[in-house]
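See below for my_file38.json, which holds JSON, C-alpha atoms.
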[["chain", "number", "residue", "atom", "x", "y", "z"],
["A", 1, "MET", "CA", 80.06, 98.56, 131.53],
["A", 2, "LEU", "CA", 80.89, 102.14, 132.53],
["A", 3, "LEU", "CA", 84.32, 101.84, 130.91],
["A", 4, "LYS", "CA", 82.78, 100.56, 127.69],
["A", 5, "LYS", "CA", 80.31, 103.45, 127.71],
["A", 6, "ILE", "CA", 83.12, 105.95, 128.23],
["A", 7, "SER", "CA", 85.11, 104.45, 125.36],
["A", 8, "LEU", "CA", 82.12, 104.97, 123.10],
["A", 9, "LEU", "CA", 81.72, 108.52, 124.35],
["A", 10, "PHE", "CA", 85.39, 109.19, 123.53],
["A", 11, "SER", "CA", 84.51, 108.52, 119.92],
["A", 12, "CYS", "CA", 81.42, 110.66, 120.27],
["A", 13, "SER", "CA", 83.51, 113.53, 121.55],
["A", 14, "LEU", "CA", 85.77, 113.20, 118.51],
["A", 15, "LEU", "CA", 82.72, 113.37, 116.29],
["A", 16, "LEU", "CA", 81.46, 116.52, 118.02],
["A", 17, "LEU", "CA", 84.78, 118.34, 118.29],
["A", 18, "THR", "CA", 85.81, 118.70, 114.67],
["A", 19, "ALA", "CA", 86.40, 121.76, 112.58],
["A", 20, "LYS", "CA", 85.79, 123.66, 109.36],
["A", 21, "GLY", "CA", 86.84, 122.02, 106.06],
["A", 22, "GLN", "CA", 85.88, 121.50, 102.42],
["A", 23, "GLN", "CA", 82.89, 119.53, 101.09],
["A", 24, "THR", "CA", 82.94, 117.10, 98.18],
["A", 25, "ALA", "CA", 80.85, 117.45, 95.04],
["A", 26, "PRO", "CA", 77.20, 116.43, 95.47],
["A", 27, "GLU", "CA", 76.32, 112.78, 94.90],
["A", 28, "LYS", "CA", 73.74, 110.39, 96.24],
["A", 29, "SER", "CA", 74.39, 109.67, 99.87],
["A", 30, "SER", "CA", 74.03, 106.70, 102.17],
["A", 31, "LEU", "CA", 75.31, 105.35, 105.46],
["A", 32, "LEU", "CA", 76.51, 102.21, 103.63],
["A", 33, "TRP", "CA", 79.21, 102.33, 100.92],
["A", 34, "GLU", "CA", 80.66, 99.50, 98.83],
["A", 35, "ILE", "CA", 84.44, 99.36, 98.38],
["A", 36, "SER", "CA", 85.58, 97.58, 95.21],
["A", 37, "GLY", "CA", 88.18, 97.73, 92.46],
["A", 38, "LYS", "CA", 91.97, 97.86, 92.75],
["A", 39, "GLY", "CA", 92.23, 94.10, 92.53],
["A", 40, "LEU", "CA", 89.79, 93.23, 95.32],
["A", 41, "GLN", "CA", 88.36, 89.75, 94.79],
["A", 42, "SER", "CA", 85.20, 90.66, 96.71],
["A", 43, "PRO", "CA", 83.82, 94.00, 97.87],
["A", 44, "SER", "CA", 84.11, 95.29, 101.40],
["A", 45, "TRP", "CA", 81.85, 97.86, 103.04],
["A", 46, "LEU", "CA", 82.14, 101.16, 104.83],
["A", 47, "TYR", "CA", 79.36, 102.12, 107.24],
["A", 48, "GLY", "CA", 78.76, 105.40, 109.04],
["A", 49, "THR", "CA", 77.85, 105.01, 112.69],
["A", 50, "ILE", "CA", 76.44, 107.27, 115.35],
["A", 51, "HIS", "CA", 77.55, 106.77, 118.92],
["A", 52, "ALA", "CA", 74.30, 107.74, 120.65],
["A", 53, "ILE", "CA", 70.78, 107.66, 119.21],
["A", 54, "CYS", "CA", 67.35, 106.88, 120.63],
["A", 55, "PRO", "CA", 66.27, 103.25, 120.16],
["A", 56, "ASP", "CA", 63.16, 104.25, 118.20],
["A", 57, "ASP", "CA", 65.35, 106.15, 115.72],
["A", 58, "HIS", "CA", 67.87, 103.37, 115.21],
["A", 59, "HIS", "CA", 67.73, 100.61, 112.62],
["A", 60, "PHE", "CA", 69.96, 98.87, 110.10],
["A", 61, "SER", "CA", 68.84, 98.73, 106.48],
["A", 62, "SER", "CA", 68.45, 95.32, 104.86],
["A", 63, "ALA", "CA", 71.44, 96.22, 102.67],
["A", 64, "ALA", "CA", 73.61, 96.86, 105.72],
["A", 65, "LEU", "CA", 72.54, 93.58, 107.31],
["A", 66, "ASP", "CA", 73.28, 91.72, 104.07],
["A", 67, "ALA", "CA", 76.71, 93.36, 103.83],
["A", 68, "LEU", "CA", 77.56, 92.31, 107.37],
["A", 69, "LYS", "CA", 76.44, 88.76, 106.62],
["A", 70, "GLN", "CA", 78.81, 88.67, 103.64],
["A", 71, "SER", "CA", 81.72, 89.99, 105.71],
["A", 72, "LYS", "CA", 84.44, 87.96, 107.39],
["A", 73, "ALA", "CA", 85.27, 90.55, 110.07],
["A", 74, "LEU", "CA", 83.95, 93.71, 111.71],
["A", 75, "TYR", "CA", 86.27, 96.67, 112.20],
["A", 76, "LEU", "CA", 85.25, 99.55, 114.51],
["A", 77, "GLU", "CA", 87.18, 102.70, 115.37],
["A", 78, "VAL", "CA", 88.21, 100.96, 118.58],
["A", 79, "ASN", "CA", 87.43, 97.40, 119.64],
["A", 80, "ILE", "CA", 84.85, 98.03, 122.35],
["A", 81, "ASP", "CA", 84.41, 94.27, 122.77],
["A", 82, "ASP", "CA", 88.02, 93.81, 123.91],
["A", 83, "LYS", "CA", 87.94, 93.92, 127.72],
["A", 84, "GLN", "CA", 91.68, 94.46, 127.94],
["A", 85, "GLU", "CA", 91.51, 97.33, 125.46],
["A", 86, "VAL", "CA", 88.64, 99.05, 127.26],
["A", 87, "GLY", "CA", 90.27, 98.31, 130.62],
["A", 88, "ARG", "CA", 93.31, 100.36, 129.64],
["A", 89, "ILE", "CA", 91.20, 103.46, 130.18],
["A", 90, "GLN", "CA", 91.27, 102.83, 133.91],
["A", 91, "SER", "CA", 95.03, 103.13, 134.21],
["A", 92, "ALA", "CA", 95.26, 106.04, 131.78],
["A", 93, "ALA", "CA", 92.34, 108.09, 133.08],
["A", 94, "LEU", "CA", 94.01, 109.54, 136.17],
["A", 95, "MET", "CA", 96.29, 112.57, 136.12],
["A", 96, "PRO", "CA", 99.43, 112.64, 138.32],
["A", 97, "GLU", "CA", 99.73, 114.80, 141.41],
["A", 98, "PRO", "CA", 99.35, 117.71, 141.97],
["A", 99, "TYR", "CA", 96.84, 117.93, 139.11],
["A", 100, "SER", "CA", 93.35, 119.18, 139.94],
["A", 101, "PHE", "CA", 90.48, 119.61, 137.49],
["A", 102, "LYS", "CA", 89.10, 122.33, 139.76],
["A", 103, "ALA", "CA", 92.26, 124.39, 139.27],
["A", 104, "LEU", "CA", 91.44, 124.80, 135.57],
["A", 105, "PHE", "CA", 88.52, 127.11, 136.38],
["A", 106, "ALA", "CA", 87.85, 130.41, 138.07],
["A", 107, "ALA", "CA", 85.91, 129.88, 141.30],
["A", 108, "ALA", "CA", 82.58, 131.04, 139.89],
["A", 109, "ASP", "CA", 82.95, 128.90, 136.76],
["A", 110, "TYR", "CA", 83.81, 125.80, 138.75],
["A", 111, "ALA", "CA", 80.76, 126.40, 140.94],
["A", 112, "LYS", "CA", 78.64, 126.50, 137.77],
["A", 113, "MET", "CA", 80.20, 123.25, 136.53],
["A", 114, "SER", "CA", 79.71, 121.58, 139.87],
["A", 115, "THR", "CA", 76.05, 122.59, 140.02],
["A", 116, "TRP", "CA", 75.44, 121.34, 136.48],
["A", 117, "PHE", "CA", 76.99, 117.93, 137.24],
["A", 118, "HIS", "CA", 74.92, 117.61, 140.41],
["A", 119, "ASP", "CA", 71.63, 118.69, 138.85],
["A", 120, "SER", "CA", 72.00, 117.07, 135.43],
["A", 121, "LEU", "CA", 73.94, 113.88, 136.13],
["A", 122, "ASN", "CA", 73.59, 113.43, 139.90],
["A", 123, "ILE", "CA", 77.38, 113.34, 140.13],
["A", 124, "GLU", "CA", 79.58, 115.28, 142.56],
["A", 125, "LEU", "CA", 82.22, 116.92, 140.40],
["A", 126, "ALA", "CA", 84.75, 116.91, 143.24],
["A", 127, "GLN", "CA", 84.87, 113.12, 143.02],
["A", 128, "LEU", "CA", 86.21, 113.41, 139.45],
["A", 129, "ASP", "CA", 88.94, 115.91, 140.30],
["A", 130, "LYS", "CA", 91.89, 113.70, 139.27],
["A", 131, "LEU", "CA", 90.42, 112.49, 135.98],
["A", 132, "LYS", "CA", 91.63, 113.71, 132.61],
["A", 133, "PRO", "CA", 89.39, 116.39, 131.10],
["A", 134, "LEU", "CA", 88.46, 114.08, 128.20],
["A", 135, "ILE", "CA", 87.04, 111.52, 130.63],
["A", 136, "ILE", "CA", 84.92, 114.19, 132.31],
["A", 137, "TYR", "CA", 83.79, 115.61, 128.99],
["A", 138, "SER", "CA", 82.79, 112.13, 127.84],
["A", 139, "ILE", "CA", 80.61, 111.77, 130.91],
["A", 140, "MET", "CA", 78.99, 115.13, 130.12],
["A", 141, "LEU", "CA", 78.07, 113.92, 126.64],
["A", 142, "GLN", "CA", 75.61, 111.46, 128.16],
["A", 143, "LYS", "CA", 73.35, 114.42, 128.87],
["A", 144, "PHE", "CA", 73.66, 116.07, 125.47],
["A", 145, "ALA", "CA", 73.16, 112.81, 123.60],
["A", 146, "ALA", "CA", 69.94, 112.10, 125.50],
["A", 147, "THR", "CA", 67.97, 114.78, 123.65],
["A", 148, "THR", "CA", 64.68, 112.92, 123.32],
["A", 149, "CYS", "CA", 65.17, 109.71, 125.32],
["A", 150, "ASP", "CA", 66.82, 108.68, 128.57],
["A", 151, "ARG", "CA", 68.80, 105.70, 127.27],
["A", 152, "PRO", "CA", 70.35, 106.21, 123.83],
["A", 153, "VAL", "CA", 71.82, 103.20, 122.05],
["A", 154, "SER", "CA", 75.06, 102.96, 120.11],
["A", 155, "THR", "CA", 75.41, 101.74, 116.54],
["A", 156, "GLU", "CA", 78.72, 100.13, 117.51],
["A", 157, "VAL", "CA", 77.20, 98.13, 120.35],
["A", 158, "GLU", "CA", 74.42, 96.90, 118.08],
["A", 159, "LEU", "CA", 76.94, 95.92, 115.40],
["A", 160, "VAL", "CA", 78.95, 93.99, 117.98],
["A", 161, "LYS", "CA", 75.83, 92.03, 118.91],
["A", 162, "LEU", "CA", 75.21, 91.13, 115.26],
["A", 163, "ALA", "CA", 78.86, 90.24, 114.66],
["A", 164, "LYS", "CA", 78.92, 87.95, 117.69],
["A", 165, "ALA", "CA", 75.80, 86.20, 116.45],
["A", 166, "GLN", "CA", 77.68, 85.50, 113.21],
["A", 167, "GLN", "CA", 80.86, 84.61, 115.14],
["A", 168, "LEU", "CA", 82.79, 87.31, 113.29],
["A", 169, "PRO", "CA", 86.10, 88.56, 114.66],
["A", 170, "ILE", "CA", 85.84, 92.13, 115.97],
["A", 171, "LYS", "CA", 88.83, 94.46, 115.65],
["A", 172, "GLY", "CA", 89.74, 98.12, 115.95],
["A", 173, "LEU", "CA", 91.29, 100.61, 113.54],
["A", 174, "GLU", "CA", 93.06, 102.32, 116.43],
["A", 175, "ALA", "CA", 93.72, 101.83, 120.13],
["A", 176, "ILE", "CA", 91.79, 103.63, 122.85],
["A", 177, "LEU", "CA", 95.10, 104.92, 124.22],
["A", 178, "ASP", "CA", 95.72, 106.58, 120.84],
["A", 179, "GLN", "CA", 92.52, 108.55, 121.31],
["A", 180, "LEU", "CA", 93.61, 109.59, 124.80],
["A", 181, "ALA", "CA", 97.01, 110.62, 123.49],
["A", 182, "MET", "CA", 95.44, 112.95, 120.95],
["A", 183, "PHE", "CA", 93.63, 114.86, 123.65],
["A", 184, "ASP", "CA", 96.70, 114.85, 125.88],
["A", 185, "SER", "CA", 98.30, 117.11, 123.27],
["A", 186, "ILE", "CA", 95.53, 119.71, 123.70],
["A", 187, "PRO", "CA", 95.95, 122.12, 126.64],
["A", 188, "ASP", "CA", 93.72, 121.18, 129.56],
["A", 189, "THR", "CA", 92.62, 124.78, 129.92],
["A", 190, "GLU", "CA", 91.19, 124.73, 126.38],
["A", 191, "GLU", "CA", 89.28, 121.53, 127.06],
["A", 192, "ALA", "CA", 87.95, 123.06, 130.27],
["A", 193, "ALA", "CA", 86.80, 126.15, 128.37],
["A", 194, "MET", "CA", 84.91, 123.97, 125.89],
["A", 195, "MET", "CA", 83.16, 122.13, 128.70],
["A", 196, "LEU", "CA", 82.16, 125.37, 130.36],
["A", 197, "LYS", "CA", 80.82, 126.70, 127.08],
["A", 198, "SER", "CA", 78.75, 123.57, 126.50],
["A", 199, "ILE", "CA", 76.89, 123.90, 129.82],
["A", 200, "THR", "CA", 76.57, 127.67, 129.56],
["A", 201, "ASP", "CA", 74.39, 127.15, 126.48],
["A", 202, "THR", "CA", 72.95, 123.69, 127.08],
["A", 203, "ALA", "CA", 70.04, 124.31, 124.72],
["A", 204, "LYS", "CA", 72.44, 124.95, 121.83],
["A", 205, "SER", "CA", 74.51, 121.87, 122.68],
["A", 206, "ARG", "CA", 71.40, 119.72, 122.61],
["A", 207, "GLU", "CA", 70.15, 121.34, 119.42],
["A", 208, "ASP", "CA", 73.51, 120.73, 117.70],
["A", 209, "TYR", "CA", 73.27, 117.06, 118.55],
["A", 210, "ARG", "CA", 69.60, 116.87, 117.55],
["A", 211, "ARG", "CA", 70.45, 118.29, 114.12],
["A", 212, "MET", "CA", 73.23, 115.75, 113.65],
["A", 213, "VAL", "CA", 70.89, 112.91, 114.58],
["A", 214, "SER", "CA", 68.33, 114.21, 112.07],
["A", 215, "ALA", "CA", 70.94, 114.25, 109.29],
["A", 216, "TYR", "CA", 72.08, 110.78, 110.30],
["A", 217, "LYS", "CA", 68.55, 109.39, 110.15],
["A", 218, "GLN", "CA", 68.32, 110.72, 106.59],
["A", 219, "GLY", "CA", 71.58, 108.96, 105.72],
["A", 220, "ASP", "CA", 72.90, 112.31, 104.53],
["A", 221, "ILE", "CA", 76.62, 112.25, 105.29],
["A", 222, "ARG", "CA", 77.21, 115.52, 103.44],
["A", 223, "LEU", "CA", 74.73, 117.40, 105.61],
["A", 224, "LEU", "CA", 76.12, 115.73, 108.72],
["A", 225, "TYR", "CA", 79.69, 116.61, 107.74],
["A", 226, "ASN", "CA", 78.73, 120.23, 107.05],
["A", 227, "GLN", "CA", 77.07, 120.50, 110.45],
["A", 228, "ILE", "CA", 80.13, 119.11, 112.17],
["A", 229, "VAL", "CA", 82.69, 121.25, 110.40],
["A", 230, "GLN", "CA", 80.70, 124.41, 111.10],
["A", 231, "MET", "CA", 80.93, 123.94, 114.88],
["A", 232, "GLU", "CA", 82.96, 126.61, 116.61],
["A", 233, "ASP", "CA", 85.08, 124.53, 118.99],
["A", 234, "MET", "CA", 88.42, 122.92, 118.21],
["A", 235, "LEU", "CA", 89.03, 124.82, 114.98],
["A", 236, "ARG", "CA", 92.78, 124.44, 115.40],
["A", 237, "TYR", "CA", 92.59, 120.69, 115.88],
["A", 238, "LYS", "CA", 90.86, 119.40, 112.73],
["A", 239, "GLU", "CA", 94.12, 117.85, 111.48],
["A", 240, "LEU", "CA", 94.69, 116.11, 114.80],
["A", 241, "LEU", "CA", 91.20, 114.84, 115.50],
["A", 242, "LEU", "CA", 89.78, 114.15, 112.06],
["A", 243, "ASP", "CA", 92.12, 114.26, 109.06],
["A", 244, "ARG", "CA", 95.08, 112.41, 110.58],
["A", 245, "ARG", "CA", 92.89, 109.61, 111.86],
["A", 246, "ASN", "CA", 91.21, 109.22, 108.49],
["A", 247, "ARG", "CA", 94.57, 108.93, 106.75],
["A", 248, "ASN", "CA", 95.84, 106.43, 109.33],
["A", 249, "TRP", "CA", 92.87, 104.16, 108.72],
["A", 250, "ILE", "CA", 93.31, 103.89, 104.97],
["A", 251, "SER", "CA", 96.29, 101.50, 105.07],
["A", 252, "ILE", "CA", 94.45, 99.20, 107.47],
["A", 253, "ILE", "CA", 91.28, 99.25, 105.37],
["A", 254, "SER", "CA", 93.30, 98.51, 102.23],
["A", 255, "SER", "CA", 95.18, 95.64, 103.84],
["A", 256, "GLU", "CA", 92.15, 93.96, 105.40],
["A", 257, "ALA", "CA", 89.88, 94.42, 102.36],
["A", 258, "ALA", "CA", 92.53, 92.67, 100.25],
["A", 259, "LYS", "CA", 92.39, 89.64, 102.54],
["A", 260, "ALA", "CA", 88.62, 89.15, 102.76],
["A", 261, "PRO", "CA", 85.30, 91.02, 102.63],
["A", 262, "THR", "CA", 85.28, 93.26, 105.69],
["A", 263, "PHE", "CA", 82.70, 95.54, 107.29],
["A", 264, "PHE", "CA", 84.31, 98.82, 108.43],
["A", 265, "ALA", "CA", 82.15, 100.92, 110.74],
["A", 266, "VAL", "CA", 83.33, 104.42, 111.74],
["A", 267, "GLY", "CA", 81.63, 107.59, 112.89],
["A", 268, "ALA", "CA", 79.58, 108.98, 110.00],
["A", 269, "GLY", "CA", 81.36, 112.32, 110.38],
["A", 270, "HIS", "CA", 84.54, 110.66, 109.09],
["A", 271, "LEU", "CA", 83.01, 109.76, 105.73],
["A", 272, "GLY", "CA", 82.46, 113.17, 104.15],
["A", 273, "GLY", "CA", 84.83, 115.88, 102.98],
["A", 274, "ASN", "CA", 87.92, 115.98, 100.78],
["A", 275, "ILE", "CA", 89.94, 114.22, 103.49],
["A", 276, "GLY", "CA", 87.09, 111.91, 104.47],
["A", 277, "VAL", "CA", 87.51, 108.15, 104.31],
["A", 278, "ILE", "CA", 85.48, 107.88, 101.10],
["A", 279, "GLU", "CA", 87.60, 110.37, 99.16],
["A", 280, "LEU", "CA", 90.86, 109.01, 100.55],
["A", 281, "LEU", "CA", 89.95, 105.50, 99.40],
["A", 282, "ARG", "CA", 89.07, 106.84, 95.96],
["A", 283, "LYS", "CA", 92.42, 108.59, 95.76],
["A", 284, "GLU", "CA", 94.01, 105.21, 96.44],
["A", 285, "GLY", "CA", 92.27, 103.82, 93.37],
["A", 286, "TYR", "CA", 89.24, 102.12, 94.92],
["A", 287, "THR", "CA", 85.70, 102.47, 93.65],
["A", 288, "VAL", "CA", 83.53, 103.61, 96.55],
["A", 289, "LYS", "CA", 79.82, 103.94, 95.81],
["A", 290, "PRO", "CA", 76.74, 104.41, 97.99],
["A", 291, "VAL", "CA", 74.48, 101.43, 98.56],
["A", 292, "LEU", "CA", 71.01, 102.99, 98.43]]
Produce structure tokens that represent the structure in this file.
Amino acid sequence: MLLKKISLLFSCSLLLLTAKGQQTAPEKSSLLWEISGKGLQSPSWLYGTIHAICPDDHHFSSAALDALKQSKALYLEVNIDDKQEVGRIQSAALMPEPYSFKALFAAADYAKMSTWFHDSLNIELAQLDKLKPLIIYSIMLQKFAATTCDRPVSTEVELVKLAKAQQLPIKGLEAILDQLAMFDSIPDTEEAAMMLKSITDTAKSREDYRRMVSAYKQGDIRLLYNQIVQMEDMLRYKELLLDRRNRNWISIISSEAAKAPTFFAVGAGHLGGNIGVIELLRKEGYTVKPVL
């Protein structure tokens, strides 16, 4: 269960760590979008998810539930229901000797990190010393996501439950190891600096997430996208973490939608912008419209 939670938090970290870009022209917004045209026999659907939200704030619209019922498969960013897929984290999470997470920090900064982990998560940071920074950052996100409740839920987990009830196949647009590989290309010292910054101003980190949840609850993907792209961290890595992934998904979405009605669920931050999934599908000739 811990590995599944970490895999979800990987995706959450990708949602949080994106950078400044361009916004599309105003139009009515929704979490659910219908994909049609370009020879599709039946429409497919694109749904914006959030990886951590309080249970009282989470619900699926009747339109989203109907769209899932009409679908023949559920596609997530990664297949969190695949035990083998999630289990690959275990073998990839450890860094080789003589790596040490502690060595990424000045002594005083590491002491601050260690205290925060102990006080906020009841975890001894020294026990995580051989883990990749992304794994540790994902664990940290548990605290920032829990802004108003102790046990946030995940849209993806809830969708998996519904898909299983319908006996739908569940698949992933990318592999969990692909997500790890992206962060492997970012210097560990930069990831460490981001983590230190997030605990130095915990109130801001929580407020950033609270604002994103508020936009999500409104179904306003433009506002959510603007909030994400205005965040200070990872400005140099927008192409790596957001744009490239969006482009990679389009061929899979096109192929699967041509076969049968499919429900594609990705982080809502991937939907907006000129290189968001919606605009990329439109550039391919599809009609993508909000289901209000």
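The closest residue to Ser255 of chain A, picked from A:Thr115, A:Ser30, A:Ser44, A:Ser62 and counting only C-alpha atoms, is A:Ser44.
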Which of these, A:Ile199, A:Ala93, A:Ala265, A:Met182, has the shortest distance to Leu242 of chain A once you count only C-alpha atoms?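 With only C-alpha atoms as the atom set, the closest residue is A:Met182.
Between atom CA of Gly272 of chain A and atom CA of Phe60 of chain A the separation is 19.9 Å.
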Could you tell me how far atom CA of Thr262 of chain A lies from atom CA of Gln84 of chain A, in Å and to one decimal?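 Atom-to-atom, atom CA of Thr262 of chain A and atom CA of Gln84 of chain A are spaced 23.2 Å apart.
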Suppose you want the space between atom CA of Arg222 of chain A and atom CA of Ser29 of chain A; what is it in Å?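 Computing the Euclidean distance for atom CA of Arg222 of chain A and atom CA of Ser29 of chain A yields 7.4 Å.
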Find the residue from A:His270, A:Lys130, A:Lys112, A:Lys28 that sits nearest to Asp220 of chain A; use all atoms listed in the file when measuring.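 Looking at the shortest contact to Asp220 of chain A, the residue is A:Lys28.
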Kindly indicate which residue among A:Gln218, A:Leu168, A:Lys238, A:Lys283 lies nearest to Ile250 of chain A, using all atoms listed in the file for the distances.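 The closest residue to Ile250 of chain A is A:Lys283.
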Write out as a PDB file with C-alpha atoms, in the frame of the given file the residues lying within 10 Å of Thr189 of chain A, counting only C-alpha atoms and excluding same-chain residues fewer than 3 positions away.
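Result went into selection-v6.pdb, see below:
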ATOM      1  CA  PHE A 101      90.480 119.610 137.490  1.00  0.00           C
ATOM      2  CA  ALA A 103      92.260 124.390 139.270  1.00  0.00           C
ATOM      3  CA  LEU A 104      91.440 124.800 135.570  1.00  0.00           C
ATOM      4  CA  PHE A 105      88.520 127.110 136.380  1.00  0.00           C
ATOM      5  CA  PRO A 133      89.390 116.390 131.100  1.00  0.00           C
ATOM      6  CA  ILE A 186      95.530 119.710 123.700  1.00  0.00           C
ATOM      7  CA  ALA A 192      87.950 123.060 130.270  1.00  0.00           C
ATOM      8  CA  ALA A 193      86.800 126.150 128.370  1.00  0.00           C
ATOM      9  CA  MET A 194      84.910 123.970 125.890  1.00  0.00           C
ATOM     10  CA  MET A 195      83.160 122.130 128.700  1.00  0.00           C
TER      11      MET A 195
END
Identify, on the basis of all atoms listed in the file, every residue whose closest approach to Leu177 of chain A does not exceed 8 Å; exclude the query and any residue fewer than 6 positions from it along the same chain; express the result as a PDB file with C-alpha atoms, in the coordinates of the input.
ATOM      1  CA  ARG A  88      93.310 100.360 129.640  1.00  0.00           C
ATOM      2  CA  ILE A  89      91.200 103.460 130.180  1.00  0.00           C
ATOM      3  CA  ALA A  92      95.260 106.040 131.780  1.00  0.00           C
TER       4      ALA A  92
END
Take the point (97.6, 113.5, 124.3) in the file's coordinates, draw a sphere of radius 12 Å around it, and report as a ChimeraX atom specification every protein, DNA or RNA residue with an atom inside or on it, counting all atoms listed in the file. /A:92-93,95,132-134,176-188,191,240-241
Using all atoms listed in the file, which of the listed residues (A:Val277, A:Leu68, A:Arg206, A:Ala258) sits closest to Ile221 of chain A?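 Checking each candidate against Ile221 of chain A, we get A:Val277 as the closest.
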Give me, as a short mmCIF file (atom, residue, chain, number, x, y, z; two decimals) with C-alpha atoms, in the frame of the given file, all polymer residues having an atom no more than 10 Å from His58 of chain A, counting all atoms listed in the file and skipping those fewer than 4 positions away in the same chain.
data_model
loop_
_atom_site.label_atom_id
_atom_site.label_comp_id
_atom_site.auth_asym_id
_atom_site.auth_seq_id
_atom_site.Cartn_x
_atom_site.Cartn_y
_atom_site.Cartn_z
CA ILE A 50 76.44 107.27 115.35
CA ALA A 52 74.30 107.74 120.65
CA ILE A 53 70.78 107.66 119.21
CA CYS A 54 67.35 106.88 120.63
CA PRO A 152 70.35 106.21 123.83
CA VAL A 153 71.82 103.20 122.05
CA SER A 154 75.06 102.96 120.11
CA THR A 155 75.41 101.74 116.54
CA GLU A 158 74.42 96.90 118.08
CA TYR A 216 72.08 110.78 110.30
CA LYS A 217 68.55 109.39 110.15
#
Closest of A:Val213, A:Leu74, A:Leu141, A:Leu271 to Lys289 of chain A - atom-to-atom distances counting all atoms listed in the file: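 Ranking A:Val213, A:Leu74, A:Leu141, A:Leu271 by distance to Lys289 of chain A, first place goes to A:Leu271.
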Residue rebuild result segment 186-202 of chain A, N, CA and C atoms as a PDB file, in the coordinates of the input:
ATOM      1  N   ILE A 186      96.313 118.474 123.664  1.00  0.00           N
ATOM      2  CA  ILE A 186      95.530 119.710 123.700  1.00  0.00           C
ATOM      3  C   ILE A 186      95.577 120.264 125.126  1.00  0.00           C
ATOM      4  N   PRO A 187      95.865 121.546 125.290  1.00  0.00           N
ATOM      5  CA  PRO A 187      95.950 122.120 126.640  1.00  0.00           C
ATOM      6  C   PRO A 187      94.681 121.865 127.453  1.00  0.00           C
ATOM      7  N   ASP A 188      94.859 121.456 128.699  1.00  0.00           N
ATOM      8  CA  ASP A 188      93.720 121.180 129.560  1.00  0.00           C
ATOM      9  C   ASP A 188      92.818 122.398 129.727  1.00  0.00           C
ATOM     10  N   THR A 189      93.422 123.577 129.737  1.00  0.00           N
ATOM     11  CA  THR A 189      92.620 124.780 129.920  1.00  0.00           C
ATOM     12  C   THR A 189      91.658 124.996 128.747  1.00  0.00           C
ATOM     13  N   GLU A 190      92.066 124.600 127.535  1.00  0.00           N
ATOM     14  CA  GLU A 190      91.190 124.730 126.380  1.00  0.00           C
ATOM     15  C   GLU A 190      90.036 123.731 126.457  1.00  0.00           C
ATOM     16  N   GLU A 191      90.342 122.522 126.895  1.00  0.00           N
ATOM     17  CA  GLU A 191      89.280 121.530 127.060  1.00  0.00           C
ATOM     18  C   GLU A 191      88.294 121.983 128.127  1.00  0.00           C
ATOM     19  N   ALA A 192      88.814 122.563 129.203  1.00  0.00           N
ATOM     20  CA  ALA A 192      87.950 123.060 130.270  1.00  0.00           C
ATOM     21  C   ALA A 192      87.043 124.180 129.758  1.00  0.00           C
ATOM     22  N   ALA A 193      87.594 125.058 128.931  1.00  0.00           N
ATOM     23  CA  ALA A 193      86.800 126.150 128.370  1.00  0.00           C
ATOM     24  C   ALA A 193      85.678 125.614 127.492  1.00  0.00           C
ATOM     25  N   MET A 194      85.945 124.562 126.724  1.00  0.00           N
ATOM     26  CA  MET A 194      84.910 123.970 125.890  1.00  0.00           C
ATOM     27  C   MET A 194      83.795 123.378 126.733  1.00  0.00           C
ATOM     28  N   MET A 195      84.170 122.717 127.820  1.00  0.00           N
ATOM     29  CA  MET A 195      83.160 122.130 128.700  1.00  0.00           C
ATOM     30  C   MET A 195      82.285 123.206 129.315  1.00  0.00           C
ATOM     31  N   LEU A 196      82.902 124.282 129.754  1.00  0.00           N
ATOM     32  CA  LEU A 196      82.160 125.370 130.360  1.00  0.00           C
ATOM     33  C   LEU A 196      81.196 125.980 129.344  1.00  0.00           C
ATOM     34  N   LYS A 197      81.665 126.130 128.134  1.00  0.00           N
ATOM     35  CA  LYS A 197      80.820 126.700 127.080  1.00  0.00           C
ATOM     36  C   LYS A 197      79.618 125.806 126.800  1.00  0.00           C
ATOM     37  N   SER A 198      79.830 124.490 126.831  1.00  0.00           N
ATOM     38  CA  SER A 198      78.750 123.570 126.500  1.00  0.00           C
ATOM     39  C   SER A 198      77.631 123.602 127.529  1.00  0.00           C
ATOM     40  N   ILE A 199      77.953 123.843 128.809  1.00  0.00           N
ATOM     41  CA  ILE A 199      76.890 123.900 129.820  1.00  0.00           C
ATOM     42  C   ILE A 199      76.327 125.297 129.962  1.00  0.00           C
ATOM     43  N   THR A 200      77.086 126.301 129.504  1.00  0.00           N
ATOM     44  CA  THR A 200      76.570 127.670 129.560  1.00  0.00           C
ATOM     45  C   THR A 200      75.409 127.821 128.586  1.00  0.00           C
ATOM     46  N   ASP A 201      75.479 127.131 127.453  1.00  0.00           N
ATOM     47  CA  ASP A 201      74.390 127.150 126.480  1.00  0.00           C
ATOM     48  C   ASP A 201      73.963 125.713 126.192  1.00  0.00           C
ATOM     49  N   THR A 202      73.350 125.088 127.199  1.00  0.00           N
ATOM     50  CA  THR A 202      72.950 123.690 127.080  1.00  0.00           C
ATOM     51  C   THR A 202      71.949 123.490 125.956  1.00  0.00           C
TER      52      THR A 202
END
